[in-house]
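Peer 1: One structure, as structure tokens, below. Some questions next.
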Amino acid sequence: MTIPDHDEDQLLRARIMLASEIERASAVLSSRVVEAFLNVPRHPFVPVFYREEGGFHRPCENDAGWLREVYADRVLVTEVDGVHAEDAGPEGVRGAATSSSTLPSLMADMLDALDVRPGVRVLEVGTGTGYNAALLCHLAGAAHVTSVDRTERLVAAARTRLREVGFAPTVVAADGAGGYPGDAPYDRIIATCGVRRLPLTWLDQCAPGGLIVVPLGGAVARLTRLPDGRAVGRFLPRPAAFMPLRDGGTAAPEPAGPTDADGRAGEAGSSALDDPGFAFWAGLHLGPAVARSSPRDFWRTVEAAHRSWLDQHCPRREWFTVEAGPEGQFASYTAPDGTTTRWPL
Ligand SMILES: C[S@@+](CC[C@H](N)C(=O)[O-])C[C@H]1O[C@@H](n2cnc3c(N)ncnc32)[C@H](O)[C@@H]1O
């Protein structure tokens, strides 16, 4: 595996192009975050990634489109069912993505929400390629950054790439569901994999007043840790689909619901679920029981949720609050008439 050579001008132009794309795609970003994307290169972290062609993920490196794709605002899949793109044969692999470099504009929104300043202690759950960890190092200082991922294969590659660009944060193979007690407490915790409920270990390891940014139930939540041990916050406006935190017991469910076996999907259901605003509301109504419901019950719940969503004038995810603590975890929405609806997560 080789890291392709490109001249400095070409790489600088590519980073400027990516930073402009990120600014176009995001709400107003802090200049610190944009500056981080201008300074930290993405290409060393994704020397090989998968392209999907006809159901196969095929590894691609240093071909004609490689640099353009690396610096485009797009997800780059780097592991499929545990097979890293750097280890795959040219014929490719079939399966589901298990690691990737996240959509840069979504990374930017999450980093902005995390408010990373020099010297804050940061934990990242989901090191993946190491690119986000590098941006965290640029913003906080590498000595303050700890990042964990599931396997030694992933973290060893990320650690090497981070060193190549001049950063030496703590990068550890560990189940992120347990956070990383070794460097706790943290002022900032960011997860780049999705959870249905916030692992309580993250609450314990976050200092009072600290921030937690986490994909929670199909949206990104930004919570502030309170001195009483709970955390409260809101959801970011943009939709976000993340691969789940695996084997942690708190993983987000796979997005697929029951199949359209009884033919009801054509009513309110399937097309409405394409609207990310409604999908978020429907996800709260369906709750964790979705995996056990029959197709008929599933679509009945989706239709009822759709009626209530329209009755409530299509509330946007950023109007919901979220709270998490040892006593329970909830999302809530207060309508203009003062009525509050609360869903357990
Ligand atoms: C979207 S990728 C992370 C992207 C990464 N931040 C980057 O910049 O490349 C999600 C990552 O979460 C990791 N992950 C999933 N379950 C995990 C767990 N239980 N503990 C730690 N990491 C986990 C996956 O292995 C995957 O690398």
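Residue numbers start at 1 in each chain; chains themselves are named A, B, ... in the order of the structure tokens; ligands are numbered from 1 in the order shown.
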From a backbone DSSP assignment, name each residue in segment 9-172 of chain A labelled helix (DSSP H, G or I), as a PDB file with C-alpha atoms, in the first residue's frame.
Peer 2:
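Final output, states_9.pdb:
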```pdb
ATOM      1  CA  ASP A   9      -0.239  23.127  -4.315  1.00  0.00           C
ATOM      2  CA  GLN A  10      -2.611  20.445  -5.476  1.00  0.00           C
ATOM      3  CA  LEU A  11      -3.181  19.254  -1.882  1.00  0.00           C
ATOM      4  CA  LEU A  12      -3.731  22.796  -0.609  1.00  0.00           C
ATOM      5  CA  ARG A  13      -6.259  23.456  -3.392  1.00  0.00           C
ATOM      6  CA  ALA A  14      -8.014  20.192  -2.493  1.00  0.00           C
ATOM      7  CA  ARG A  15      -8.272  21.209   1.202  1.00  0.00           C
ATOM      8  CA  ILE A  16      -9.590  24.661   0.268  1.00  0.00           C
ATOM      9  CA  MET A  17     -12.189  23.018  -1.980  1.00  0.00           C
ATOM     10  CA  LEU A  18     -13.294  20.720   0.852  1.00  0.00           C
ATOM     11  CA  ALA A  19     -13.459  23.584   3.384  1.00  0.00           C
ATOM     12  CA  SER A  20     -15.653  25.590   0.950  1.00  0.00           C
ATOM     13  CA  GLU A  21     -17.941  22.596   0.414  1.00  0.00           C
ATOM     14  CA  ILE A  22     -18.228  22.147   4.188  1.00  0.00           C
ATOM     15  CA  GLU A  23     -19.122  25.816   4.670  1.00  0.00           C
ATOM     16  CA  ARG A  24     -21.797  25.553   1.961  1.00  0.00           C
ATOM     17  CA  ALA A  25     -23.312  22.407   3.519  1.00  0.00           C
ATOM     18  CA  SER A  31     -13.725  29.800  12.072  1.00  0.00           C
ATOM     19  CA  ARG A  32     -11.636  27.451  14.280  1.00  0.00           C
ATOM     20  CA  VAL A  33     -13.403  24.435  12.787  1.00  0.00           C
ATOM     21  CA  VAL A  34     -13.020  25.641   9.195  1.00  0.00           C
ATOM     22  CA  GLU A  35      -9.368  26.418   9.877  1.00  0.00           C
ATOM     23  CA  ALA A  36      -8.875  22.861  11.197  1.00  0.00           C
ATOM     24  CA  PHE A  37     -10.200  21.405   7.918  1.00  0.00           C
ATOM     25  CA  LEU A  38      -7.883  23.735   5.989  1.00  0.00           C
ATOM     26  CA  ASN A  39      -4.859  22.548   7.947  1.00  0.00           C
ATOM     27  CA  HIS A  43      -5.728  11.826   2.332  1.00  0.00           C
ATOM     28  CA  PRO A  44      -3.144  10.265   4.706  1.00  0.00           C
ATOM     29  CA  PHE A  45      -6.040   8.653   6.641  1.00  0.00           C
ATOM     30  CA  TRP A  66      -8.892   9.158  -5.868  1.00  0.00           C
ATOM     31  CA  LEU A  67      -7.823  12.643  -4.710  1.00  0.00           C
ATOM     32  CA  ARG A  68     -11.053  14.299  -5.910  1.00  0.00           C
ATOM     33  CA  GLU A  69     -13.120  11.775  -3.949  1.00  0.00           C
ATOM     34  CA  VAL A  70     -10.948  12.068  -0.835  1.00  0.00           C
ATOM     35  CA  ALA A  85      -9.937  -1.861   2.460  1.00  0.00           C
ATOM     36  CA  GLU A  86      -6.137  -2.124   2.708  1.00  0.00           C
ATOM     37  CA  ASP A  87      -6.434  -5.920   3.194  1.00  0.00           C
ATOM     38  CA  PRO A 104     -16.838  15.930   6.411  1.00  0.00           C
ATOM     39  CA  SER A 105     -19.646  18.524   6.673  1.00  0.00           C
ATOM     40  CA  LEU A 106     -21.311  16.391   9.356  1.00  0.00           C
ATOM     41  CA  MET A 107     -17.952  16.053  11.158  1.00  0.00           C
ATOM     42  CA  ALA A 108     -17.663  19.850  11.015  1.00  0.00           C
ATOM     43  CA  ASP A 109     -21.123  20.362  12.534  1.00  0.00           C
ATOM     44  CA  MET A 110     -20.318  17.885  15.309  1.00  0.00           C
ATOM     45  CA  LEU A 111     -16.919  19.458  16.043  1.00  0.00           C
ATOM     46  CA  ASP A 112     -18.543  22.877  16.090  1.00  0.00           C
ATOM     47  CA  ALA A 113     -21.160  21.621  18.574  1.00  0.00           C
ATOM     48  CA  LEU A 114     -18.384  20.106  20.700  1.00  0.00           C
ATOM     49  CA  TYR A 131      -9.067  11.794  10.577  1.00  0.00           C
ATOM     50  CA  ASN A 132     -11.512  13.166  13.178  1.00  0.00           C
ATOM     51  CA  ALA A 133      -8.958  12.439  15.915  1.00  0.00           C
ATOM     52  CA  ALA A 134      -6.435  14.514  13.930  1.00  0.00           C
ATOM     53  CA  LEU A 135      -8.889  17.421  13.752  1.00  0.00           C
ATOM     54  CA  LEU A 136      -9.434  17.071  17.527  1.00  0.00           C
ATOM     55  CA  CYS A 137      -5.647  17.123  18.060  1.00  0.00           C
ATOM     56  CA  HIS A 138      -5.395  20.297  15.976  1.00  0.00           C
ATOM     57  CA  LEU A 139      -8.161  21.940  18.021  1.00  0.00           C
ATOM     58  CA  ALA A 140      -7.363  20.708  21.569  1.00  0.00           C
ATOM     59  CA  ALA A 142      -2.775  15.962  20.901  1.00  0.00           C
ATOM     60  CA  ALA A 143      -1.778  15.503  24.562  1.00  0.00           C
ATOM     61  CA  HIS A 144      -5.430  16.064  25.532  1.00  0.00           C
ATOM     62  CA  GLU A 152      -6.239  -3.328  17.179  1.00  0.00           C
ATOM     63  CA  ARG A 153      -6.224  -3.405  13.334  1.00  0.00           C
ATOM     64  CA  LEU A 154      -8.147  -0.120  13.163  1.00  0.00           C
ATOM     65  CA  VAL A 155      -6.373   1.708  15.975  1.00  0.00           C
ATOM     66  CA  ALA A 156      -2.875   0.631  14.855  1.00  0.00           C
ATOM     67  CA  ALA A 157      -3.484   2.069  11.369  1.00  0.00           C
ATOM     68  CA  ALA A 158      -4.991   5.263  12.808  1.00  0.00           C
ATOM     69  CA  ARG A 159      -2.108   5.681  15.268  1.00  0.00           C
ATOM     70  CA  THR A 160       0.451   5.341  12.456  1.00  0.00           C
ATOM     71  CA  ARG A 161      -1.357   7.848  10.212  1.00  0.00           C
ATOM     72  CA  LEU A 162      -1.732  10.309  13.101  1.00  0.00           C
ATOM     73  CA  ARG A 163       2.024  10.120  13.748  1.00  0.00           C
ATOM     74  CA  GLU A 164       2.672  10.692  10.025  1.00  0.00           C
TER      75      GLU A 164
END
```
Peer 1: Around ligand 1, at most 9 Å away and counting only C-alpha atoms and all ligand atoms, which residues are there? Put them as a VMD selection string, please.
Peer 2: chain A and resid 45 to 46 75 to 79 82 97 to 104 107 124 to 135 147 to 151 154 to 155 158 173 to 179 191 to 194 242 to 249 251
Peer 1: How many Å lie between atom CA of Ala72 of chain A and atom CA of Val220 of chain A, rounded to one decimal?
Peer 2: 21.9 Å
Peer 1: Find the spatial neighbours of Asp204 of chain A, counting only C-alpha atoms, within a cut-off of 9 Å - ignore same-chain residues fewer than 4 positions away - and output them as a list in words.
Peer 2: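 Everything that qualifies: Ala184, Pro185, Leu200 and Gly229 of chain A.
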Peer 1: Taking the chain letters and numbering used in this document, name the residues of segment 1-224 of chain A that DSSP puts in strand (DSSP E), as a PyMOL selection string.
Peer 2: chain A and resi 49-53+56-60+76-80+83-84+97-101+122-125+145-149+170-173+186-191+206-216+219-224
Peer 1: I'd like the interatomic distance between atom CA of Gly328 of chain A and atom CA of Trp343 of chain A, to a tenth of an Å.
Peer 2: 10.5 Å
Peer 1: Given only C-alpha atoms as the basis, pick out the residue of A:Pro344, A:Gly182, A:Gly325, A:Gly218 nearest to Arg230 of chain A.
Peer 2: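 Among the listed residues, the smallest separation from Arg230 of chain A belongs to A:Gly325.
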Peer 1: Quick one: everything within 9 Å of Arg317 of chain A, counting only C-alpha atoms, minus sequence neighbours fewer than 2 positions away in the same chain. Send it as a list in words.
Peer 2: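 My reading of the contact set: Ala219, Arg234, Phe235, Leu236, Pro237, Arg238, Pro239, Gly277, Phe280, Trp281, Pro315, Trp319, Phe320 and Thr321 of chain A.
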Peer 1: Since we have the selection now, will you write its residues out, keeping N, CA and C atoms, as a short mmCIF file (atom, residue, chain, number, x, y, z; two decimals), in the first residue's frame?
Peer 2:
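Below is the file that was written, part-v2.cif:
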```
data_model
loop_
_atom_site.label_atom_id
_atom_site.label_comp_id
_atom_site.auth_asym_id
_atom_site.auth_seq_id
_atom_site.Cartn_x
_atom_site.Cartn_y
_atom_site.Cartn_z
N ALA A 219 -30.37 11.11 15.24
CA ALA A 219 -29.99 12.52 15.14
C ALA A 219 -28.78 12.72 16.04
N ARG A 234 -30.00 19.31 23.40
CA ARG A 234 -30.87 19.37 22.23
C ARG A 234 -30.26 18.57 21.10
N PHE A 235 -31.03 18.44 20.02
CA PHE A 235 -30.53 17.77 18.82
C PHE A 235 -30.06 18.81 17.81
N LEU A 236 -29.03 18.46 17.04
CA LEU A 236 -28.58 19.34 15.96
C LEU A 236 -29.61 19.28 14.82
N PRO A 237 -29.69 20.35 14.02
CA PRO A 237 -30.72 20.39 12.98
C PRO A 237 -30.57 19.34 11.87
N ARG A 238 -29.35 18.95 11.52
CA ARG A 238 -29.24 18.13 10.31
C ARG A 238 -29.45 16.64 10.61
N PRO A 239 -30.00 15.92 9.64
CA PRO A 239 -30.17 14.48 9.85
C PRO A 239 -28.80 13.79 9.86
N GLY A 277 -37.30 14.54 8.77
CA GLY A 277 -37.98 15.17 9.92
C GLY A 277 -38.99 14.20 10.51
N PHE A 280 -37.44 10.97 12.20
CA PHE A 280 -36.99 11.19 13.58
C PHE A 280 -38.17 11.04 14.55
N TRP A 281 -39.29 11.68 14.22
CA TRP A 281 -40.51 11.62 15.05
C TRP A 281 -41.00 10.17 15.12
N PRO A 315 -42.96 19.21 13.70
CA PRO A 315 -41.86 19.76 14.51
C PRO A 315 -40.49 19.30 14.04
N TRP A 319 -36.07 21.24 17.76
CA TRP A 319 -36.99 21.78 18.77
C TRP A 319 -37.18 20.81 19.94
N PHE A 320 -36.57 19.63 19.87
CA PHE A 320 -36.71 18.63 20.93
C PHE A 320 -35.59 18.80 21.96
N THR A 321 -35.90 18.47 23.19
CA THR A 321 -34.84 18.42 24.19
C THR A 321 -34.55 16.95 24.52
#
```
Peer 1: Show me, as JSON, numbers by chain, the residues that have an atom within 12 Å of Asp311 of chain A when counting only C-alpha atoms, minus same-chain residues fewer than 6 positions from it.
Peer 2: {"A": [304, 305, 335, 336]}
Peer 1: Mind giving me the straight-line distance from atom CA of Pro288 of chain A to atom CA of Gly217 of chain A in Å, one decimal?
Peer 2: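 Atom CA of Gly217 of chain A lies at a distance of 9.7 Å from atom CA of Pro288 of chain A.
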